[in-house]
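Chemist: File structure_17.cif below, mmCIF, C-alpha atoms:
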data_model
#
loop_
_atom_site.label_atom_id
_atom_site.label_comp_id
_atom_site.auth_asym_id
_atom_site.auth_seq_id
_atom_site.Cartn_x
_atom_site.Cartn_y
_atom_site.Cartn_z
CA MET A 1 23.24 20.99 22.53
CA ALA A 2 23.66 22.04 26.11
CA ALA A 3 26.73 20.78 27.94
CA THR A 4 24.53 18.82 30.36
CA VAL A 5 23.11 16.76 27.48
CA LYS A 6 26.62 15.74 26.44
CA ASN A 7 27.18 14.14 29.85
CA ARG A 8 23.90 12.33 30.56
CA GLU A 9 21.64 9.75 29.03
CA LEU A 10 19.77 10.97 25.98
CA ARG A 11 16.04 11.01 25.31
CA ILE A 12 15.74 9.79 21.74
CA ALA A 13 12.76 9.55 19.38
CA MET A 14 12.84 7.59 16.12
CA PHE A 15 10.34 7.43 13.28
CA GLY A 16 10.19 6.75 9.55
CA HIS A 17 10.11 2.96 9.85
CA LYS A 18 6.96 0.86 9.58
CA ARG A 19 7.24 -0.91 12.91
CA ILE A 20 9.64 -2.79 15.16
CA PRO A 21 10.25 -5.60 15.81
CA SER A 22 9.99 -6.37 12.11
CA ARG A 23 12.01 -7.29 9.04
CA GLU A 24 9.68 -5.66 6.54
CA GLY A 25 12.60 -3.78 5.04
CA GLY A 26 16.10 -2.55 5.70
CA VAL A 27 14.90 0.58 7.52
CA GLU A 28 13.09 -1.54 10.10
CA VAL A 29 16.22 -3.63 10.71
CA VAL A 30 18.36 -0.52 11.20
CA VAL A 31 15.89 1.12 13.61
CA GLU A 32 15.63 -2.06 15.67
CA GLU A 33 19.38 -2.64 15.84
CA LEU A 34 20.18 0.96 16.80
CA SER A 35 17.31 1.58 19.22
CA THR A 36 17.74 -1.62 21.23
CA ARG A 37 21.48 -1.09 21.61
CA MET A 38 20.98 2.52 22.68
CA ALA A 39 18.37 1.44 25.24
CA GLU A 40 20.78 -1.19 26.56
CA LYS A 41 23.33 1.59 27.12
CA GLY A 42 20.84 3.40 29.37
CA HIS A 43 19.32 5.90 26.96
CA SER A 44 15.58 6.51 26.80
CA VAL A 45 14.48 5.51 23.30
CA THR A 46 10.98 5.80 21.87
CA CYS A 47 10.09 4.37 18.46
CA PHE A 48 6.90 5.57 16.81
CA ASN A 49 5.42 2.59 14.97
CA ARG A 50 2.79 2.79 12.26
CA SER A 51 -0.58 1.28 13.06
CA GLY A 52 -1.68 -1.65 10.95
CA HIS A 53 -0.29 -5.03 10.00
CA HIS A 54 2.95 -6.39 8.56
CA VAL A 55 3.08 -5.74 4.79
CA SER A 56 3.22 -9.48 4.11
CA GLY A 57 0.17 -10.26 6.23
CA ALA A 58 -1.13 -10.17 9.80
CA GLU A 59 0.32 -13.63 10.48
CA PHE A 60 3.77 -12.01 10.60
CA ASP A 61 2.79 -9.37 13.19
CA ALA A 62 4.99 -9.37 16.29
CA GLY A 63 5.61 -7.30 19.38
CA LYS A 64 2.19 -5.80 20.06
CA GLY A 65 3.21 -4.43 23.47
CA THR A 66 4.39 -0.97 24.51
CA GLU A 67 8.01 -2.00 25.08
CA TYR A 68 10.54 -4.07 23.17
CA LYS A 69 14.01 -4.82 24.59
CA GLY A 70 13.92 -1.63 26.63
CA VAL A 71 12.62 0.55 23.77
CA LYS A 72 9.31 2.30 24.28
CA ILE A 73 6.90 1.50 21.44
CA ARG A 74 4.19 4.03 20.60
CA LYS A 75 1.71 3.54 17.77
CA VAL A 76 0.76 6.62 15.76
CA PHE A 77 -2.27 7.48 13.65
CA THR A 78 -1.98 5.89 10.21
CA VAL A 79 -4.31 5.93 7.21
CA LYS A 80 -3.93 2.34 6.01
CA ARG A 81 -3.85 2.95 2.28
CA ARG A 82 -0.99 2.77 -0.16
CA GLY A 83 0.73 6.13 -0.44
CA LEU A 84 -0.98 7.51 2.65
CA ALA A 85 0.32 5.21 5.38
CA ALA A 86 3.88 6.61 5.28
CA ILE A 87 2.73 10.23 5.06
CA THR A 88 0.10 10.14 7.81
CA SER A 89 2.24 8.14 10.23
CA SER A 90 5.17 10.52 9.70
CA ILE A 91 3.01 13.57 10.38
CA SER A 92 1.62 11.94 13.51
CA ALA A 93 5.05 10.86 14.73
CA SER A 94 6.64 14.25 14.05
CA LEU A 95 3.97 15.98 16.14
CA ARG A 96 4.56 13.67 19.08
CA ALA A 97 8.34 13.90 18.71
CA ALA A 98 8.28 17.69 18.45
CA PHE A 99 6.17 18.22 21.54
CA GLY A 100 7.52 15.32 23.58
CA LYS A 101 10.41 15.43 26.02
CA PHE A 102 13.17 14.41 23.65
CA ASP A 103 16.72 15.65 23.09
CA VAL A 104 17.18 14.01 19.70
CA VAL A 105 14.72 13.15 16.93
CA HIS A 106 16.16 10.63 14.47
CA ILE A 107 14.15 10.39 11.23
CA HIS A 108 14.72 7.47 8.89
CA ALA A 109 14.29 7.79 5.10
CA GLU A 110 13.66 10.73 2.79
CA GLY A 111 9.85 10.71 2.73
CA PRO A 112 9.44 11.00 6.52
CA ALA A 113 12.11 13.74 6.48
CA PHE A 114 9.46 15.98 4.90
CA MET A 115 8.41 16.69 8.50
CA CYS A 116 11.86 17.35 9.95
CA TRP A 117 11.17 21.08 10.17
CA LEU A 118 8.64 20.53 12.96
CA PRO A 119 10.90 18.98 15.65
CA LYS A 120 13.58 21.45 14.55
CA LEU A 121 11.14 24.30 15.21
CA ALA A 122 10.60 22.77 18.65
CA LYS A 123 14.37 23.07 19.25
CA LYS A 124 15.15 19.36 19.08
CA ARG A 125 18.38 18.08 17.61
CA VAL A 126 17.29 16.50 14.32
CA ILE A 127 19.17 13.68 12.61
CA VAL A 128 18.05 12.23 9.26
CA THR A 129 19.32 8.94 7.85
CA VAL A 130 19.02 8.71 4.08
CA HIS A 131 18.71 4.97 3.46
CA GLY A 132 18.69 5.52 -0.30
CA LEU A 133 17.56 8.07 -2.87
CA ASP A 134 13.97 6.96 -2.51
CA HIS A 135 12.49 9.30 -5.13
CA GLN A 136 14.26 7.14 -7.73
CA ARG A 137 12.40 3.97 -6.76
CA ALA A 138 10.22 2.59 -9.53
CA LYS A 139 7.23 1.78 -7.31
CA TRP A 140 6.41 5.43 -6.58
CA GLY A 141 4.14 7.55 -8.75
CA ARG A 142 4.73 11.18 -9.67
CA LEU A 143 3.02 12.67 -6.59
CA ALA A 144 4.75 10.33 -4.14
CA SER A 145 8.13 10.98 -5.78
CA ALA A 146 7.59 14.74 -5.50
CA TYR A 147 6.77 14.36 -1.80
CA ILE A 148 9.88 12.26 -1.20
CA MET A 149 12.01 14.75 -3.13
CA GLN A 150 10.74 17.56 -0.93
CA GLY A 151 11.62 15.42 2.07
CA GLU A 152 15.18 15.28 0.77
CA ARG A 153 15.26 19.07 0.40
CA ASN A 154 13.81 19.55 3.89
CA ALA A 155 16.49 17.29 5.34
CA VAL A 156 19.15 19.43 3.67
CA LYS A 157 17.58 22.61 5.00
CA TYR A 158 16.54 21.66 8.53
CA ALA A 159 18.43 18.59 9.78
CA ASP A 160 21.37 19.16 12.11
CA GLU A 161 23.07 16.13 10.59
CA ILE A 162 22.37 13.81 7.65
CA ILE A 163 23.64 10.24 7.79
CA VAL A 164 24.28 8.43 4.50
CA LEU A 165 25.20 4.81 3.88
CA SER A 166 27.48 5.08 0.86
CA ALA A 167 30.12 7.32 -0.69
CA GLY A 168 27.97 7.71 -3.81
CA VAL A 169 25.05 9.21 -1.91
CA GLN A 170 27.47 11.37 0.05
CA GLN A 171 28.81 12.78 -3.22
CA TYR A 172 25.25 13.29 -4.50
CA PHE A 173 24.46 15.63 -1.60
CA ARG A 174 27.68 17.54 -2.18
CA ASN A 175 27.03 17.95 -5.90
CA VAL A 176 23.33 18.76 -5.75
CA TYR A 177 23.08 20.75 -2.53
CA GLY A 178 26.61 21.58 -1.40
CA ARG A 179 25.70 19.82 1.84
CA GLU A 180 28.13 17.71 3.84
CA THR A 181 26.80 14.47 5.29
CA ARG A 182 28.10 11.83 7.69
CA TYR A 183 28.95 8.36 6.47
CA ILE A 184 27.85 5.75 9.02
CA PRO A 185 27.18 2.38 7.35
CA ASN A 186 24.76 -0.37 8.32
CA GLY A 187 25.97 -3.32 10.32
CA VAL A 188 25.53 -7.05 10.51
CA ASN A 189 24.94 -9.49 13.35
CA LYS A 190 26.77 -12.74 13.93
CA ALA A 191 25.39 -15.36 11.56
CA LYS A 192 23.15 -18.10 12.95
CA PHE A 193 24.16 -21.14 10.92
CA ARG A 194 21.49 -23.80 10.50
CA THR A 195 21.54 -27.10 8.65
CA ALA A 196 18.89 -27.61 5.99
CA ASP A 197 15.77 -28.96 7.65
CA LEU A 198 12.63 -26.88 7.25
CA ILE A 199 13.67 -25.77 3.76
CA THR A 200 14.13 -29.41 2.78
CA LYS A 201 10.70 -30.35 4.08
CA LYS A 202 8.96 -27.35 2.47
CA TRP A 203 10.77 -27.00 -0.87
CA GLY A 204 13.18 -29.92 -1.23
CA LEU A 205 16.25 -27.70 -0.82
CA ASP A 206 19.59 -29.10 0.33
CA GLN A 207 22.98 -27.52 0.93
CA ASN A 208 24.41 -25.91 -2.23
CA SER A 209 21.38 -26.95 -4.29
CA TYR A 210 20.06 -23.44 -4.99
CA ILE A 211 20.82 -19.84 -5.86
CA LEU A 212 19.20 -17.40 -3.43
CA TYR A 213 17.66 -13.96 -3.64
CA LEU A 214 16.27 -12.77 -0.30
CA GLY A 215 14.70 -9.34 0.00
CA ARG A 216 11.68 -7.23 -0.84
CA ILE A 217 10.01 -7.98 -4.17
CA VAL A 218 10.14 -4.52 -5.75
CA PRO A 219 11.13 -3.46 -9.30
CA GLU A 220 14.45 -1.82 -8.42
CA LYS A 221 15.82 -5.06 -6.92
CA GLY A 222 16.26 -6.54 -10.41
CA GLY A 223 13.94 -9.53 -10.18
CA ARG A 224 13.13 -9.41 -13.92
CA TYR A 225 16.81 -9.55 -14.86
CA LEU A 226 17.42 -12.43 -12.50
CA ILE A 227 14.59 -14.61 -13.79
CA GLU A 228 15.35 -13.84 -17.45
CA ALA A 229 19.03 -14.67 -16.93
CA PHE A 230 18.49 -17.79 -14.84
CA LYS A 231 16.09 -19.32 -17.36
CA GLN A 232 19.01 -19.40 -19.83
CA VAL A 233 21.46 -21.06 -17.41
CA GLN A 234 22.19 -24.77 -17.85
CA THR A 235 22.09 -26.11 -14.29
CA ASP A 236 20.12 -28.40 -12.04
CA LYS A 237 20.30 -25.86 -9.22
CA ARG A 238 17.09 -24.09 -8.21
CA LEU A 239 16.50 -20.35 -8.02
CA VAL A 240 14.89 -19.36 -4.72
CA ILE A 241 13.22 -15.95 -4.58
CA ALA A 242 12.45 -15.29 -0.93
CA GLY A 243 10.59 -12.19 0.22
CA GLY A 244 7.28 -10.40 0.30
CA SER A 245 5.95 -7.50 -1.72
CA SER A 246 5.99 -3.93 -0.45
CA ASP A 247 2.91 -2.27 -1.98
CA THR A 248 4.00 -4.13 -5.14
CA GLN A 249 1.73 -7.16 -5.39
CA ALA A 250 1.19 -6.60 -9.11
CA PHE A 251 4.94 -6.74 -9.69
CA LEU A 252 5.21 -9.98 -7.73
CA GLU A 253 2.50 -11.51 -9.91
CA GLU A 254 4.39 -10.31 -13.01
CA LEU A 255 7.52 -12.13 -11.83
CA LYS A 256 5.57 -15.32 -11.16
CA GLU A 257 4.12 -15.15 -14.67
CA LEU A 258 7.62 -14.68 -16.10
CA ALA A 259 8.87 -17.71 -14.17
CA LYS A 260 5.92 -20.06 -14.68
CA ASP A 261 7.52 -22.10 -17.50
CA ASP A 262 10.64 -22.95 -15.45
CA ASP A 263 9.93 -25.34 -12.57
CA ARG A 264 13.40 -24.70 -11.11
CA ILE A 265 12.21 -21.30 -9.80
CA ILE A 266 10.64 -21.18 -6.32
CA PHE A 267 8.84 -18.24 -4.68
CA THR A 268 8.78 -18.74 -0.91
CA GLY A 269 6.99 -15.56 0.15
CA PHE A 270 8.16 -13.60 3.19
CA VAL A 271 10.57 -15.55 5.41
CA GLN A 272 11.95 -14.99 8.87
CA GLY A 273 13.45 -16.85 11.82
CA ARG A 274 14.76 -20.39 11.32
CA ILE A 275 13.80 -20.57 7.63
CA LYS A 276 15.69 -17.36 6.82
CA HIS A 277 18.78 -18.64 8.63
CA GLU A 278 18.57 -21.98 6.80
CA LEU A 279 18.28 -20.27 3.42
CA TYR A 280 21.35 -18.12 4.04
CA SER A 281 23.32 -21.02 5.57
CA ASN A 282 22.88 -23.47 2.70
CA SER A 283 22.80 -21.48 -0.53
CA TYR A 284 25.31 -22.08 -3.31
CA ILE A 285 25.25 -18.44 -4.46
CA TYR A 286 23.50 -15.39 -3.10
CA THR A 287 22.53 -12.82 -5.75
CA LEU A 288 21.42 -9.20 -5.59
CA PRO A 289 20.87 -7.76 -9.10
CA SER A 290 19.61 -4.35 -7.92
CA ASP A 291 19.38 -1.14 -9.91
CA LEU A 292 19.13 0.96 -6.75
CA GLU A 293 20.22 0.49 -3.14
CA GLY A 294 21.08 2.50 -0.07
CA MET A 295 23.35 0.04 1.67
CA PRO A 296 22.07 -3.49 1.04
CA LEU A 297 21.58 -5.25 4.38
CA SER A 298 20.76 -8.54 2.67
CA LEU A 299 24.16 -8.49 0.98
CA LEU A 300 25.88 -7.88 4.32
CA GLU A 301 23.89 -10.72 5.87
CA ALA A 302 24.59 -13.11 3.01
CA MET A 303 28.35 -12.49 3.26
CA SER A 304 28.25 -12.90 7.05
CA TYR A 305 27.03 -16.46 6.40
CA GLY A 306 30.02 -17.05 4.15
CA ASN A 307 28.12 -16.91 0.89
CA CYS A 308 29.58 -16.44 -2.56
CA CYS A 309 27.72 -13.33 -3.70
CA LEU A 310 26.87 -12.13 -7.20
CA ALA A 311 25.66 -8.52 -7.31
CA SER A 312 25.14 -5.67 -9.73
CA ASP A 313 28.03 -3.23 -10.01
CA ILE A 314 26.19 -0.21 -8.62
CA PRO A 315 28.46 1.70 -6.21
CA GLU A 316 26.35 0.82 -3.17
CA CYS A 317 26.98 -2.90 -3.77
CA ALA A 318 30.56 -2.56 -4.99
CA GLU A 319 31.56 -0.55 -1.90
CA VAL A 320 30.24 -3.27 0.41
CA VAL A 321 31.83 -6.31 -1.24
CA GLU A 322 35.06 -4.76 -2.58
CA ASP A 323 36.88 -7.69 -4.26
CA LYS A 324 35.21 -10.39 -2.15
CA ALA A 325 32.27 -11.03 -4.52
CA VAL A 326 31.40 -11.22 -8.22
CA LEU A 327 29.87 -8.19 -9.95
CA PHE A 328 28.02 -7.78 -13.25
CA PRO A 329 26.98 -4.60 -15.11
CA LYS A 330 23.67 -3.30 -13.78
CA GLY A 331 20.69 -4.35 -15.86
CA ASN A 332 22.72 -6.51 -18.26
CA VAL A 333 20.84 -9.82 -18.52
CA ALA A 334 23.45 -11.46 -20.77
CA GLU A 335 26.29 -10.66 -18.36
CA LEU A 336 24.23 -11.85 -15.39
CA ARG A 337 23.48 -15.11 -17.24
CA ASP A 338 27.16 -15.62 -18.06
CA LYS A 339 28.28 -14.98 -14.47
CA LEU A 340 25.63 -17.36 -13.12
CA GLN A 341 26.72 -20.05 -15.60
CA LEU A 342 30.39 -19.51 -14.76
CA LEU A 343 29.75 -19.93 -11.04
CA CYS A 344 27.47 -22.93 -11.51
CA ASP A 345 30.20 -24.60 -13.57
CA ASN A 346 33.07 -23.78 -11.18
CA PRO A 347 32.48 -24.78 -7.55
CA GLN A 348 36.14 -24.15 -6.73
CA THR A 349 35.67 -20.48 -7.59
CA VAL A 350 32.51 -20.34 -5.50
CA ASN A 351 34.28 -21.92 -2.52
CA GLY A 352 37.08 -19.38 -2.81
CA TYR A 353 34.64 -16.50 -2.41
CA LYS A 354 32.84 -18.32 0.42
CA ASN A 355 36.07 -18.68 2.37
CA GLU A 356 36.79 -14.94 2.21
CA ALA A 357 33.35 -13.45 2.73
CA LYS A 358 32.52 -14.17 6.37
CA ALA A 359 35.63 -12.76 8.05
CA PHE A 360 35.73 -9.76 5.73
CA ILE A 361 32.20 -8.57 6.55
CA GLY A 362 32.22 -9.53 10.23
CA ASN A 363 35.32 -7.46 10.93
CA LYS A 364 34.16 -4.38 9.03
CA TYR A 365 30.47 -3.80 9.81
CA MET A 366 29.61 -4.25 13.51
CA TRP A 367 26.32 -2.94 14.91
CA ASP A 368 27.76 -2.10 18.33
CA ASP A 369 30.35 0.18 16.76
CA ILE A 370 27.75 1.75 14.47
CA ALA A 371 25.41 2.47 17.40
CA ASP A 372 28.30 4.17 19.24
CA ARG A 373 29.12 6.34 16.22
CA THR A 374 25.49 7.35 15.91
CA LEU A 375 25.30 8.31 19.59
CA GLU A 376 28.42 10.43 19.15
CA LEU A 377 26.69 12.24 16.32
CA TYR A 378 23.61 12.77 18.51
CA ARG A 379 25.84 14.51 21.03
CA ASN A 380 27.61 16.54 18.34
CA ASP A 381 30.82 14.79 19.37
CA ALA A 382 33.93 15.70 17.38
CA ARG A 383 35.13 12.08 17.48
CA VAL A 384 32.61 11.01 14.85
CA LEU A 385 33.87 13.73 12.53
CA LYS A 386 37.42 12.42 12.93
CA TRP A 387 36.17 8.86 12.18
CA GLN A 388 34.33 10.24 9.14
CA THR A 389 37.53 11.77 7.73
CA THR A 390 39.42 8.53 8.31
CA GLN A 391 36.78 6.55 6.39
CA GLU A 392 36.93 8.91 3.41
CA LYS A 393 40.72 8.59 3.19
CA SER A 394 40.74 4.78 3.46
#
As a first step, turn the structure in this file into structure tokens.

Modeler:
Amino acid sequence: MAATVKNRELRIAMFGHKRIPSREGGVEVVVEELSTRMAEKGHSVTCFNRSGHHVSGAEFDAGKGTEYKGVKIRKVFTVKRRGLAAITSSISASLRAAFGKFDVVHIHAEGPAFMCWLPKLAKKRVIVTVHGLDHQRAKWGRLASAYIMQGERNAVKYADEIIVLSAGVQQYFRNVYGRETRYIPNGVNKAKFRTADLITKKWGLDQNSYILYLGRIVPEKGGRYLIEAFKQVQTDKRLVIAGGSSDTQAFLEELKELAKDDDRIIFTGFVQGRIKHELYSNSYIYTLPSDLEGMPLSLLEAMSYGNCCLASDIPECAEVVEDKAVLFPKGNVAELRDKLQLLCDNPQTVNGYKNEAKAFIGNKYMWDDIADRTLELYRNDARVLKWQTTQEKS
């Protein structure tokens, strides 16, 4: 980039998310946290939102204006059908980013990266964040997976920098493509602790009376394992499955069918605001039995509330929690059952993990620091490369 760009405010475009403000998925949280902080620092940030409604229903729509916390919001053309919404909105956004007055185009996720060649052709600095190896996700069919895979290849070929969220994905790009990437993790905000109120009125939940899963209801999150394991656990605690589907309504119905003979299991649907804070604040255990993750924001959030967490042992989870949570072998229902039973039977153990979790996460993953590192990468600043090396050695 020209020397003048290094010393002035940047003009930044972001796309690949559904829309902000929104908590429809981890990508949306990351885009919102980064873009609003960059705007607060004086940079000109434009986020290209998809047209249409929140995936969990129009009642959850928010922020219909053209600006949000200093970030310019621009809606792009979107064909509102499964499999086409992401593709058409990415094409539309890439055209506007390529021919707009931007210094940096930051593309989020592998599918949208299919179009990264276009802003690169227009001489923009192109950054791609790989939030996970999306072609491996169970919800995609063969054609969609092929498109996402080509997006990954295009990112390798055309992006100036690729950001990854875990050491495992970083090694994947080295092994498969011989391409170096930049490790910049996700962050977490200060927890908003709330006493049980709305969740008591709606579902009869009190402090420490339930085990919580909070996230998208998609196959790779391990919902089948969790329900099958919990049904075998001897406890009076409830299992709360909080979250909406993401083009996966049939899978959600499958989980409800699996759970129908156990009245301890509650499906809340999509949650946000006060209810989300109450659920995190009062759970006995938070669990994330995923087969596949990028960097699980829900796990970061749960630990920031001081939760005892039980997660699958995939590297993306293990890297986040280190020795401050309980892990079980991915996909192993018997081991998940045994760990759930052990924790239900031993509140002292649970309290030990609770006491360690909050400070550990809050000191390690801070959004302000992560936004600064990303801006340094936008400017091609050598400091982020030094930070990268330090992280790999630690």

Chemist: State, in Å with one decimal place, the distance from atom CA of Leu297 of chain A to atom CA of Asn186 of chain A.

Modeler: 7.0 Å

Chemist: Do you know which residues are at most 12 Å from Thr200 of chain A counting all atoms listed in the file, after dropping those on the same chain fewer than 3 positions away, and could you put them as a ChimeraX atom specification?

Modeler: /A:195-197,203-210,275,278-279,282

Chemist: Which residues, named as in the file, does the PyMOL selection byres ((chain A and resi 371) around 10) pick out? Answer as a PyMOL selection string.

Modeler: chain A and resi 30+33-38+41+184+186-187+366-370+372-377

Chemist: Could you state the separation of atom CA of Asp313 of chain A and atom CA of Ser290 of chain A in Å, given to one decimal place?

Modeler: 8.7 Å

Chemist: Just how far from atom CA of Glu319 of chain A is atom CA of His277 of chain A, in Å to one decimal?

Modeler: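 Separation between atom CA of His277 of chain A and atom CA of Glu319 of chain A: 24.5 Å.
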
Chemist: Write out as number ranges by chain each polymer residue whose atoms come within 10 Å of Leu288 of chain A, counting all atoms listed in the file; drop sequence neighbours fewer than 6 positions from it.

Modeler: A: 212-215, 221-223, 226, 296, 298-299, 302, 309-313, 317, 327

Chemist: Rank nothing, just name the residue among A:Arg153, A:Lys124, A:Arg264, A:Lys330 nearest to Thr235 of chain A, using only C-alpha atoms.

Modeler: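 Looking at the shortest contact to Thr235 of chain A, the residue is A:Arg264.
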
Chemist: Quick one: which residues end up in the PyMOL selection byres ((chain A and resi 182) around 6) for this structure, as a ChimeraX atom specification?

Modeler: /A:163,181,183

Chemist: Specify as JSON, numbers by chain each residue included when the PyMOL selection byres ((chain A and resi 13-29) around 7) is applied to this file.

Modeler: {"A": [11, 12, 30, 31, 32, 33, 45, 46, 47, 48, 49, 50, 55, 62, 63, 90, 93, 97, 102, 104, 105, 106, 107, 108, 109, 112, 216, 297]}

Chemist: Hey, what's within 10 Å of Val156 of chain A if we count all atoms listed in the file and toss same-chain stuff fewer than 6 positions away? As a PyMOL selection string, please?

Modeler: chain A and resi 113+116+128+150+162+173+177-181

Chemist: If we count all atoms listed in the file and set the cut-off at 10 Å, which residues sit around Phe114 of chain A, ignoring sequence neighbours fewer than 4 positions away in its own chain? Please answer as a PDB file with C-alpha atoms, keeping the file's coordinate frame.

Modeler:
ATOM      1  CA  ILE A  87       2.730  10.230   5.060  1.00  0.00           C
ATOM      2  CA  SER A  90       5.170  10.520   9.700  1.00  0.00           C
ATOM      3  CA  ILE A  91       3.010  13.570  10.380  1.00  0.00           C
ATOM      4  CA  SER A  94       6.640  14.250  14.050  1.00  0.00           C
ATOM      5  CA  ILE A 107      14.150  10.390  11.230  1.00  0.00           C
ATOM      6  CA  ALA A 109      14.290   7.790   5.100  1.00  0.00           C
ATOM      7  CA  GLU A 110      13.660  10.730   2.790  1.00  0.00           C
ATOM      8  CA  LEU A 118       8.640  20.530  12.960  1.00  0.00           C
ATOM      9  CA  TYR A 147       6.770  14.360  -1.800  1.00  0.00           C
ATOM     10  CA  ILE A 148       9.880  12.260  -1.200  1.00  0.00           C
ATOM     11  CA  MET A 149      12.010  14.750  -3.130  1.00  0.00           C
ATOM     12  CA  GLN A 150      10.740  17.560  -0.930  1.00  0.00           C
ATOM     13  CA  GLY A 151      11.620  15.420   2.070  1.00  0.00           C
ATOM     14  CA  GLU A 152      15.180  15.280   0.770  1.00  0.00           C
ATOM     15  CA  ARG A 153      15.260  19.070   0.400  1.00  0.00           C
ATOM     16  CA  ASN A 154      13.810  19.550   3.890  1.00  0.00           C
ATOM     17  CA  ALA A 155      16.490  17.290   5.340  1.00  0.00           C
ATOM     18  CA  TYR A 158      16.540  21.660   8.530  1.00  0.00           C
TER      19      TYR A 158
END

Chemist: I need the residue nearest Gly100 of chain A from this list: A:Pro119, A:Gly168, A:Thr66, A:Phe328. Use all atoms listed in the file for the distance.

Modeler: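 Using all atoms listed in the file, the shortest distance to Gly100 of chain A belongs to A:Pro119.
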
Chemist: With distances taken over all atoms listed in the file, which of A:Cys308, A:Val326, A:Val333, A:Ala250 is nearest to Glu356 of chain A?

Modeler: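 So, comparing all the options, the nearest one is A:Cys308.
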
Chemist: Could you name the residues that touch Asp160 of chain A at 8 Å or less, counting only C-alpha atoms, but leaving out those on the same chain fewer than 4 positions away, as a list of chain:residue names?

Modeler: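 What passes the distance filter is A:Arg125, A:Val126, A:Ile127.
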